[in-house]
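Next comes coords_15.txt, with compact mmCIF, C-alpha atoms and all ligand atoms.
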```
# COMPACT_ATOMS: atom_id res chain seq x y z
CA MET B 149 4.66 8.54 0.10
CA SER B 150 3.99 4.84 -0.20
CA PHE B 151 5.28 1.98 1.94
CA LYS B 152 6.16 -1.71 1.66
CA LEU B 153 5.57 -3.61 4.89
CA ALA B 154 6.87 -7.13 5.49
CA ASN B 155 7.04 -9.65 8.30
CA ILE B 156 10.65 -10.77 8.68
CA VAL B 157 10.88 -13.81 10.96
CA GLY B 158 7.92 -12.53 12.99
CA ARG B 159 8.98 -8.88 13.13
CA ALA B 160 7.47 -5.98 11.20
CA ALA B 161 9.85 -4.33 8.78
CA LEU B 162 9.76 -1.72 6.03
CA ILE B 163 11.27 -2.63 2.67
CA ASP B 164 13.32 -0.52 0.31
CA GLY B 165 14.73 -2.36 -2.69
CA GLU B 166 16.47 -5.48 -1.41
CA ASN B 167 16.90 -4.13 2.12
CA TYR B 168 14.65 -4.35 5.14
CA TYR B 169 14.47 -2.04 8.13
CA ASP B 170 13.16 -3.37 11.46
CA LEU B 171 10.12 -1.23 12.26
CA GLU B 172 10.52 -1.11 16.03
CA THR B 173 14.15 -0.07 15.65
CA ILE B 174 13.71 2.66 13.03
CA SER B 175 10.68 4.09 14.85
CA ASN B 176 12.57 4.20 18.17
CA GLY B 177 9.89 2.03 19.72
CA ASP B 178 6.85 3.95 18.44
CA PHE B 179 5.86 0.75 16.58
CA ASP B 180 6.14 -2.77 17.97
CA GLU B 181 7.05 -6.00 16.15
CA ASP B 182 3.51 -6.82 15.00
CA THR B 183 2.63 -5.99 11.37
CA SER B 184 -1.11 -6.05 12.10
CA SER B 185 -0.83 -3.39 14.79
CA ALA B 186 1.35 -1.33 12.42
CA LEU B 187 -1.66 -1.13 10.09
CA ASN B 188 -3.38 1.10 12.67
CA ASN B 189 -0.90 3.84 11.83
CA LEU B 190 -0.58 4.01 8.05
CA GLU B 191 0.48 7.66 8.13
CA GLY B 192 3.31 6.78 10.49
CA LEU B 193 4.45 4.00 8.13
CA LYS B 194 4.46 6.40 5.19
CA LYS B 195 6.46 8.98 7.11
CA LEU B 196 9.07 6.43 8.18
CA SER B 197 9.29 5.08 4.62
CA SER B 198 10.14 8.50 3.27
CA GLY B 199 13.22 8.59 5.52
CA LEU B 200 14.58 5.11 4.79
CA SER B 201 17.38 6.35 2.55
CA GLU B 202 19.02 7.93 5.60
CA ALA B 203 18.54 4.90 7.87
CA GLU B 204 20.84 1.92 8.34
CA PRO B 205 19.29 -1.25 6.85
CA THR B 206 18.73 -4.11 9.31
CA GLY B 207 19.61 -6.62 6.63
CA SER B 208 19.00 -7.97 3.17
CA LEU B 209 15.79 -9.76 2.17
CA LYS B 210 17.70 -12.55 0.45
CA ASP B 211 19.18 -13.68 3.77
CA VAL B 212 15.99 -14.03 5.80
CA ARG B 213 12.73 -15.95 6.02
CA ILE B 214 9.74 -13.80 5.13
CA ASP B 215 6.47 -14.64 6.92
CA ALA B 216 2.90 -13.73 5.93
CA PRO B 217 2.56 -9.93 6.02
CA VAL B 218 -0.41 -10.20 8.39
CA SER B 219 -0.15 -12.82 11.05
CA ALA B 220 -3.60 -13.36 12.54
CA PRO B 221 -6.40 -11.45 10.84
CA LYS B 222 -9.88 -11.72 12.32
CA ASN B 223 -11.27 -12.78 8.95
CA CYS B 224 -10.09 -14.07 5.61
CA PHE B 225 -12.57 -13.82 2.74
CA ALA B 226 -12.27 -14.96 -0.85
CA VAL B 227 -14.24 -14.31 -4.01
CA GLY B 228 -15.10 -17.15 -6.39
CA LEU B 229 -15.63 -16.84 -10.15
CA ASN B 230 -14.49 -13.23 -10.27
CA TYR B 231 -12.81 -13.34 -13.71
CA ARG B 232 -14.96 -13.87 -16.78
CA ASN B 233 -12.57 -16.44 -18.32
CA HIS B 234 -12.51 -18.47 -15.08
CA ALA B 235 -16.31 -18.49 -14.75
CA GLU B 236 -16.51 -19.61 -18.38
CA GLU B 237 -13.93 -22.40 -18.02
CA ALA B 238 -15.85 -23.62 -14.94
CA GLY B 239 -19.04 -23.69 -17.02
CA MET B 240 -20.72 -21.24 -14.63
CA ASP B 241 -22.84 -18.17 -15.34
CA ILE B 242 -21.19 -14.78 -14.80
CA PRO B 243 -22.15 -13.96 -11.19
CA VAL B 244 -24.55 -11.09 -10.54
CA VAL B 245 -23.54 -10.79 -6.87
CA PRO B 246 -20.06 -11.62 -5.55
CA MET B 247 -19.66 -15.31 -4.70
CA ILE B 248 -17.98 -15.08 -1.29
CA PHE B 249 -16.47 -17.89 0.75
CA THR B 250 -13.97 -17.94 3.59
CA LYS B 251 -10.56 -19.43 4.15
CA HIS B 252 -9.65 -20.18 7.76
CA THR B 253 -7.03 -17.68 8.85
CA THR B 254 -4.83 -20.55 10.07
CA CYS B 255 -4.07 -21.49 6.44
CA LEU B 256 -2.13 -18.25 5.84
CA VAL B 257 1.62 -18.74 5.44
CA GLY B 258 4.57 -16.83 4.07
CA PRO B 259 5.53 -16.20 0.44
CA ASN B 260 8.06 -19.04 0.21
CA SER B 261 6.36 -21.63 2.40
CA ASP B 262 5.89 -25.22 1.27
CA ILE B 263 2.42 -26.31 0.21
CA GLU B 264 1.58 -29.49 2.12
CA MET B 265 -0.72 -31.67 0.05
CA ARG B 266 -2.75 -34.64 1.27
CA SER B 267 -4.18 -35.75 -2.05
CA ASP B 268 -3.41 -35.76 -5.76
CA HIS B 269 -6.15 -33.17 -6.40
CA VAL B 270 -4.48 -30.01 -5.13
CA ASP B 271 -4.70 -26.94 -7.37
CA TYR B 272 -3.28 -23.41 -7.61
CA GLU B 273 -5.18 -20.10 -7.93
CA ALA B 274 -3.13 -16.91 -8.38
CA GLU B 275 -4.93 -13.96 -6.77
CA LEU B 276 -4.60 -10.33 -5.90
CA VAL B 277 -5.08 -9.95 -2.13
CA VAL B 278 -6.41 -6.88 -0.30
CA VAL B 279 -5.59 -6.16 3.34
CA ILE B 280 -7.88 -3.81 5.26
CA GLY B 281 -6.45 -0.82 7.13
CA LYS B 282 -9.17 1.45 8.52
CA PRO B 283 -12.02 -0.69 9.91
CA GLY B 284 -15.52 -0.09 8.64
CA LYS B 285 -19.14 -1.12 8.23
CA ASP B 286 -21.42 -0.16 5.32
CA ILE B 287 -18.48 1.20 3.36
CA ASN B 288 -19.43 3.12 0.25
CA LYS B 289 -17.74 2.15 -3.03
CA ASP B 290 -16.56 5.74 -3.48
CA ASN B 291 -14.37 5.68 -0.38
CA ALA B 292 -13.59 1.95 -0.23
CA TRP B 293 -9.92 2.52 -1.14
CA ASP B 294 -9.57 4.61 2.05
CA HIS B 295 -10.05 1.35 3.96
CA VAL B 296 -7.30 -0.55 2.13
CA ALA B 297 -3.94 -0.72 3.90
CA GLY B 298 -2.24 -2.48 1.05
CA LEU B 299 -2.17 -5.12 -1.64
CA CYS B 300 -0.16 -8.30 -1.95
CA ILE B 301 -0.13 -11.59 -3.85
CA GLY B 302 -1.94 -14.70 -2.69
CA GLN B 303 -2.31 -18.34 -3.68
CA ASP B 304 -5.77 -19.72 -2.95
CA ILE B 305 -4.62 -23.34 -2.85
CA SER B 306 -7.50 -25.82 -3.06
CA ASP B 307 -7.92 -29.56 -2.56
CA ARG B 308 -10.59 -30.02 -5.25
CA LYS B 309 -11.64 -33.39 -3.91
CA VAL B 310 -12.44 -31.98 -0.47
CA GLN B 311 -13.86 -28.77 -1.96
CA PHE B 312 -16.48 -30.72 -3.92
CA SER B 313 -16.85 -33.85 -1.76
CA SER B 314 -19.95 -32.77 0.17
CA LYS B 315 -23.25 -32.22 -1.59
CA PRO B 316 -23.90 -29.34 -2.03
CA PRO B 317 -20.22 -28.34 -2.08
CA GLN B 318 -18.79 -26.24 0.75
CA PHE B 319 -15.59 -24.52 -0.32
CA ASN B 320 -14.16 -23.49 3.02
CA LEU B 321 -12.38 -26.63 4.30
CA GLY B 322 -10.97 -27.73 0.95
CA LYS B 323 -9.29 -24.32 0.73
CA SER B 324 -8.18 -24.15 4.36
CA PHE B 325 -5.72 -26.98 4.89
CA ASP B 326 -2.70 -25.68 6.82
CA THR B 327 -0.33 -23.97 4.31
CA PHE B 328 -3.11 -23.43 1.70
CA GLY B 329 -2.86 -19.63 1.86
CA PRO B 330 0.60 -18.33 0.93
CA ILE B 331 0.51 -14.51 0.89
CA GLY B 332 3.10 -11.77 0.50
CA PRO B 333 5.93 -11.20 0.03
CA TYR B 334 5.09 -7.75 1.45
CA LEU B 335 2.18 -5.38 1.59
CA VAL B 336 2.34 -2.45 -0.84
CA SER B 337 0.26 0.62 -0.04
CA PRO B 338 -2.12 1.41 -2.94
CA ASP B 339 -0.38 4.71 -3.68
CA GLY B 340 2.81 2.72 -4.36
CA LEU B 341 1.32 1.36 -7.59
CA LYS B 342 1.07 3.26 -10.86
CA ASP B 343 -2.41 1.87 -11.58
CA LYS B 344 -3.75 -0.13 -8.67
CA GLN B 345 -6.77 -1.33 -10.71
CA SER B 346 -4.72 -2.76 -13.58
CA LEU B 347 -1.99 -5.20 -12.56
CA GLN B 348 -0.50 -8.03 -14.60
CA ILE B 349 -0.96 -11.35 -12.76
CA GLU B 350 0.75 -14.62 -13.65
CA CYS B 351 1.12 -18.13 -12.27
CA LYS B 352 3.74 -20.61 -13.38
CA VAL B 353 4.07 -24.24 -12.37
CA ASN B 354 7.74 -25.06 -12.80
CA GLU B 355 8.51 -23.30 -16.11
CA GLU B 356 5.02 -23.52 -17.61
CA ILE B 357 2.80 -20.44 -17.55
CA ARG B 358 -0.66 -21.61 -16.45
CA GLN B 359 -2.44 -18.32 -15.69
CA LYS B 360 -1.85 -14.89 -17.20
CA ASP B 361 -4.28 -12.01 -16.96
CA ASN B 362 -4.79 -8.48 -15.70
CA THR B 363 -6.68 -7.50 -12.56
CA ASN B 364 -8.67 -5.01 -14.63
CA ASP B 365 -10.65 -8.08 -15.75
CA LEU B 366 -12.16 -8.53 -12.27
CA ILE B 367 -15.95 -8.81 -12.52
CA PHE B 368 -16.34 -7.23 -9.04
CA ASP B 369 -13.55 -4.74 -8.45
CA ILE B 370 -12.03 -4.06 -5.04
CA PRO B 371 -14.45 -1.21 -4.09
CA SER B 372 -17.43 -3.40 -5.05
CA ILE B 373 -16.17 -6.33 -2.96
CA ILE B 374 -15.49 -4.12 0.07
CA SER B 375 -18.87 -2.43 -0.19
CA TYR B 376 -20.68 -5.77 -0.55
CA LEU B 377 -18.87 -7.49 2.32
CA SER B 378 -19.01 -4.58 4.74
CA GLU B 379 -22.77 -4.40 4.52
CA ILE B 380 -22.77 -7.83 6.18
CA VAL B 381 -19.57 -8.02 8.23
CA THR B 382 -17.59 -5.28 9.95
CA LEU B 383 -14.21 -5.22 8.23
CA ASN B 384 -11.35 -5.02 10.69
CA THR B 385 -7.76 -3.85 10.45
CA GLY B 386 -5.69 -6.70 9.02
CA ASP B 387 -8.61 -8.57 7.42
CA VAL B 388 -7.57 -10.37 4.24
CA ILE B 389 -9.60 -10.61 1.03
CA PHE B 390 -8.58 -12.90 -1.85
CA THR B 391 -10.17 -11.27 -4.91
CA GLY B 392 -10.52 -14.29 -7.22
CA THR B 393 -8.47 -16.13 -9.79
CA PRO B 394 -8.23 -15.84 -13.59
CA GLY B 395 -8.74 -18.74 -16.00
CA GLY B 396 -6.18 -21.52 -16.32
CA VAL B 397 -6.55 -23.41 -13.04
CA GLY B 398 -5.32 -27.01 -13.10
CA VAL B 399 -8.59 -28.83 -12.42
CA MET B 400 -9.96 -28.03 -15.88
CA GLU B 401 -7.31 -30.18 -17.58
CA GLY B 402 -6.58 -32.49 -14.67
CA LYS B 403 -3.18 -30.82 -14.21
CA PHE B 404 -2.93 -31.03 -10.43
CA LEU B 405 0.11 -30.16 -8.35
CA LYS B 406 2.69 -32.87 -7.74
CA GLU B 407 5.47 -33.49 -5.23
CA GLY B 408 8.36 -31.15 -5.99
CA ASP B 409 6.42 -28.76 -8.25
CA ILE B 410 7.35 -25.12 -7.80
CA VAL B 411 4.49 -22.64 -8.05
CA THR B 412 5.66 -19.13 -8.93
CA THR B 413 3.03 -16.40 -8.64
CA SER B 414 3.73 -12.82 -9.58
CA ILE B 415 1.85 -9.55 -9.80
CA LYS B 416 3.53 -6.54 -11.35
CA GLY B 417 4.66 -4.19 -8.59
CA LEU B 418 3.90 -6.63 -5.78
CA GLY B 419 6.78 -9.10 -6.07
CA VAL B 420 6.76 -12.89 -6.32
CA LEU B 421 5.58 -15.89 -4.31
CA LYS B 422 7.52 -19.10 -4.76
CA ASN B 423 6.09 -22.21 -3.14
CA THR B 424 7.28 -25.81 -3.32
CA CYS B 425 4.74 -28.62 -3.26
CA LYS B 426 5.21 -31.40 -0.72
CA ARG B 427 3.08 -34.50 -0.87
CA ILE B 428 2.56 -35.57 2.74
CA SER B 429 0.22 -38.22 4.19
CA ASN B 430 -3.14 -39.01 2.62
CA HIS B 431 -6.35 -37.37 3.72
CA SER B 432 -7.83 -40.62 4.95
CA ASN B 433 -11.46 -39.55 5.36
CA VAL B 434 -11.81 -38.16 1.88
CA ASP B 435 -9.78 -40.88 0.19
CA LYS B 436 -12.39 -43.35 1.51
CA SER B 437 -15.17 -41.58 -0.42
ZN ZN C 1 -9.80 -18.43 -5.35
```
Here is a file; write its structure as structure tokens.
Ligand code: ZN
Amino acid sequence: MSFKLANIVGRAALIDGENYYDLETISNGDFDEDTSSALNNLEGLKKLSSGLSEAEPTGSLKDVRIDAPVSAPKNCFAVGLNYRNHAEEAGMDIPVVPMIFTKHTTCLVGPNSDIEMRSDHVDYEAELVVVIGKPGKDINKDNAWDHVAGLCIGQDISDRKVQFSSKPPQFNLGKSFDTFGPIGPYLVSPDGLKDKQSLQIECKVNEEIRQKDNTNDLIFDIPSIISYLSEIVTLNTGDVIFTGTPGGVGVMEGKFLKEGDIVTTSIKGLGVLKNTCKRISNHSNVDKS
């Protein structure tokens, strides 16, 4: 039995269709309100999910604010140039080892949060996101999926000016402004997907489709990324990994995000992120350069 776990106004909840069920309530206190601690008991989540049809829903998803499915992971990793067509459009060689960078965990926000931009060089990157369940070090590719709690959608928002302003470039800050990591809308356990290695991914800005691909095009698949990372860093429960973006990002054609743009990101089986762009004050230090 699979599960869908969400964070409804700061409280863990299971999802069934359009309804949500407060986790602490339906578990009679066996779980608390924290989604990250719920990931320590995946079997318990599956068992509760199988009984949802008999439970009373807490409410409807359309009436509530949904927060990021994991609130404060220890680490948030991301993979660059992990789709062939994106590496090609960037004029880069196909990587032979994963190109890993980090996003500060403080940039993670919910699936419908505003994107607060401080320059006219902010860009979208639709990505499949992995959240770790069972912690591990030196994880073998063959059992890497055993360490995945679930999958969700992510937007690896980037201020390209900041990303490339230092020489050599250092990706982390340009991709870590507050609000630059919308994730969600909920976490789907891998067994809840018909083919977890082949998912249609799409990003629209307003009504225009900018990115459209399938996650089976990943150069380094999820087991390869987990194996590579865990040889270096212990992966902890709740850790977030952005797996890379397909071709079609805005920087290639100078199509950056503008005030009022709506970025809609979807992955088949994982739902939709919808984020509105807000142009706030300038980033004074970079604008000087
Ligand atoms: Zn990315």
- [ ] Identify which of the residues B:Ile389, B:Leu335, B:Val257, B:Leu193 lies closest to ligand ZN 1 (chain C), counting all atoms listed in the file when measuring atom-to-atom distances.
- [x] B:Ile389
Task: ligand ZN 1 (chain C) neighbours within 8 Å using all atoms listed in the file, as an NGL selection string - done: :B and (226-229 or 273-275 or 303-305 or 390-393)
Next, the residues of the selection above should be written as a CSV table (one decimal), in the frame of the given file with C-alpha atoms.
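again-v8.csv, written as the output of this step:
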```csv
chain,number,residue,atom,x,y,z
B,226,ALA,CA,-12.3,-15.0,-0.8
B,227,VAL,CA,-14.2,-14.3,-4.0
B,228,GLY,CA,-15.1,-17.2,-6.4
B,229,LEU,CA,-15.6,-16.8,-10.2
B,273,GLU,CA,-5.2,-20.1,-7.9
B,274,ALA,CA,-3.1,-16.9,-8.4
B,275,GLU,CA,-4.9,-14.0,-6.8
B,303,GLN,CA,-2.3,-18.3,-3.7
B,304,ASP,CA,-5.8,-19.7,-3.0
B,305,ILE,CA,-4.6,-23.3,-2.8
B,390,PHE,CA,-8.6,-12.9,-1.8
B,391,THR,CA,-10.2,-11.3,-4.9
B,392,GLY,CA,-10.5,-14.3,-7.2
B,393,THR,CA,-8.5,-16.1,-9.8
```
Using all atoms listed in the file, which residues sit within 8 Å of Asp361 of chain B once same-chain residues fewer than 3 positions away are excluded, as a JSON list (two decimals) with C-alpha atoms, in the frame of the given file?
```
[["chain", "number", "residue", "atom", "x", "y", "z"],
["B", 348, "GLN", "CA", -0.50, -8.03, -14.60],
["B", 349, "ILE", "CA", -0.96, -11.35, -12.76],
["B", 350, "GLU", "CA", 0.75, -14.62, -13.65],
["B", 365, "ASP", "CA", -10.65, -8.08, -15.75],
["B", 394, "PRO", "CA", -8.23, -15.84, -13.59]]
```
Open item on the list: When you look at Thr206 of chain B with a cut-off of 8 Å (counting all atoms listed in the file), what residues show up, excluding the ones that are within fewer than 6 positions of it in the same chain? I need them as a ChimeraX atom specification.
Closed with: /B:167-170
Can you spit out the residues from that selection as a compact mmCIF listing (two decimals), in the frame of the given file, using C-alpha atoms?
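Printed below is part-v5.txt as written:
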```txt
# COMPACT_ATOMS: atom_id res chain seq x y z
CA ASN B 167 16.90 -4.13 2.12
CA TYR B 168 14.65 -4.35 5.14
CA TYR B 169 14.47 -2.04 8.13
CA ASP B 170 13.16 -3.37 11.46
```
TODO: Determine the nearest neighbour of Pro217 of chain B from the options B:Gly322, B:Gly192, B:Pro330, B:Pro243, counting only C-alpha atoms.
DONE: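 So, comparing all the options, the nearest one is B:Pro330.
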Give me, as a PDB file with C-alpha atoms, in the coordinates of the input, all polymer residues having an atom no more than 9 Å from Ile373 of chain B, counting only C-alpha atoms and skipping those fewer than 3 positions away in the same chain.
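File produced: out.pdb:
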```pdb
ATOM      1  CA  VAL B 227     -14.240 -14.310  -4.010  1.00  0.00           C
ATOM      2  CA  PRO B 246     -20.060 -11.620  -5.550  1.00  0.00           C
ATOM      3  CA  LYS B 289     -17.740   2.150  -3.030  1.00  0.00           C
ATOM      4  CA  PHE B 368     -16.340  -7.230  -9.040  1.00  0.00           C
ATOM      5  CA  ASP B 369     -13.550  -4.740  -8.450  1.00  0.00           C
ATOM      6  CA  ILE B 370     -12.030  -4.060  -5.040  1.00  0.00           C
ATOM      7  CA  TYR B 376     -20.680  -5.770  -0.550  1.00  0.00           C
ATOM      8  CA  LEU B 377     -18.870  -7.490   2.320  1.00  0.00           C
ATOM      9  CA  SER B 378     -19.010  -4.580   4.740  1.00  0.00           C
ATOM     10  CA  ILE B 389      -9.600 -10.610   1.030  1.00  0.00           C
ATOM     11  CA  THR B 391     -10.170 -11.270  -4.910  1.00  0.00           C
TER      12      THR B 391
END
```
- [ ] Grab the atom CA of Thr253 of chain B to atom CA of Val218 of chain B distance for me, in Å with one decimal place.
- [x] 10.0 Å
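Restricting the calculation to all atoms listed in the file, the smallest distance between Lys352 of chain B and any of B:Asn233, B:Asn291, B:Ser267, B:Asn423 is found for B:Asn423.
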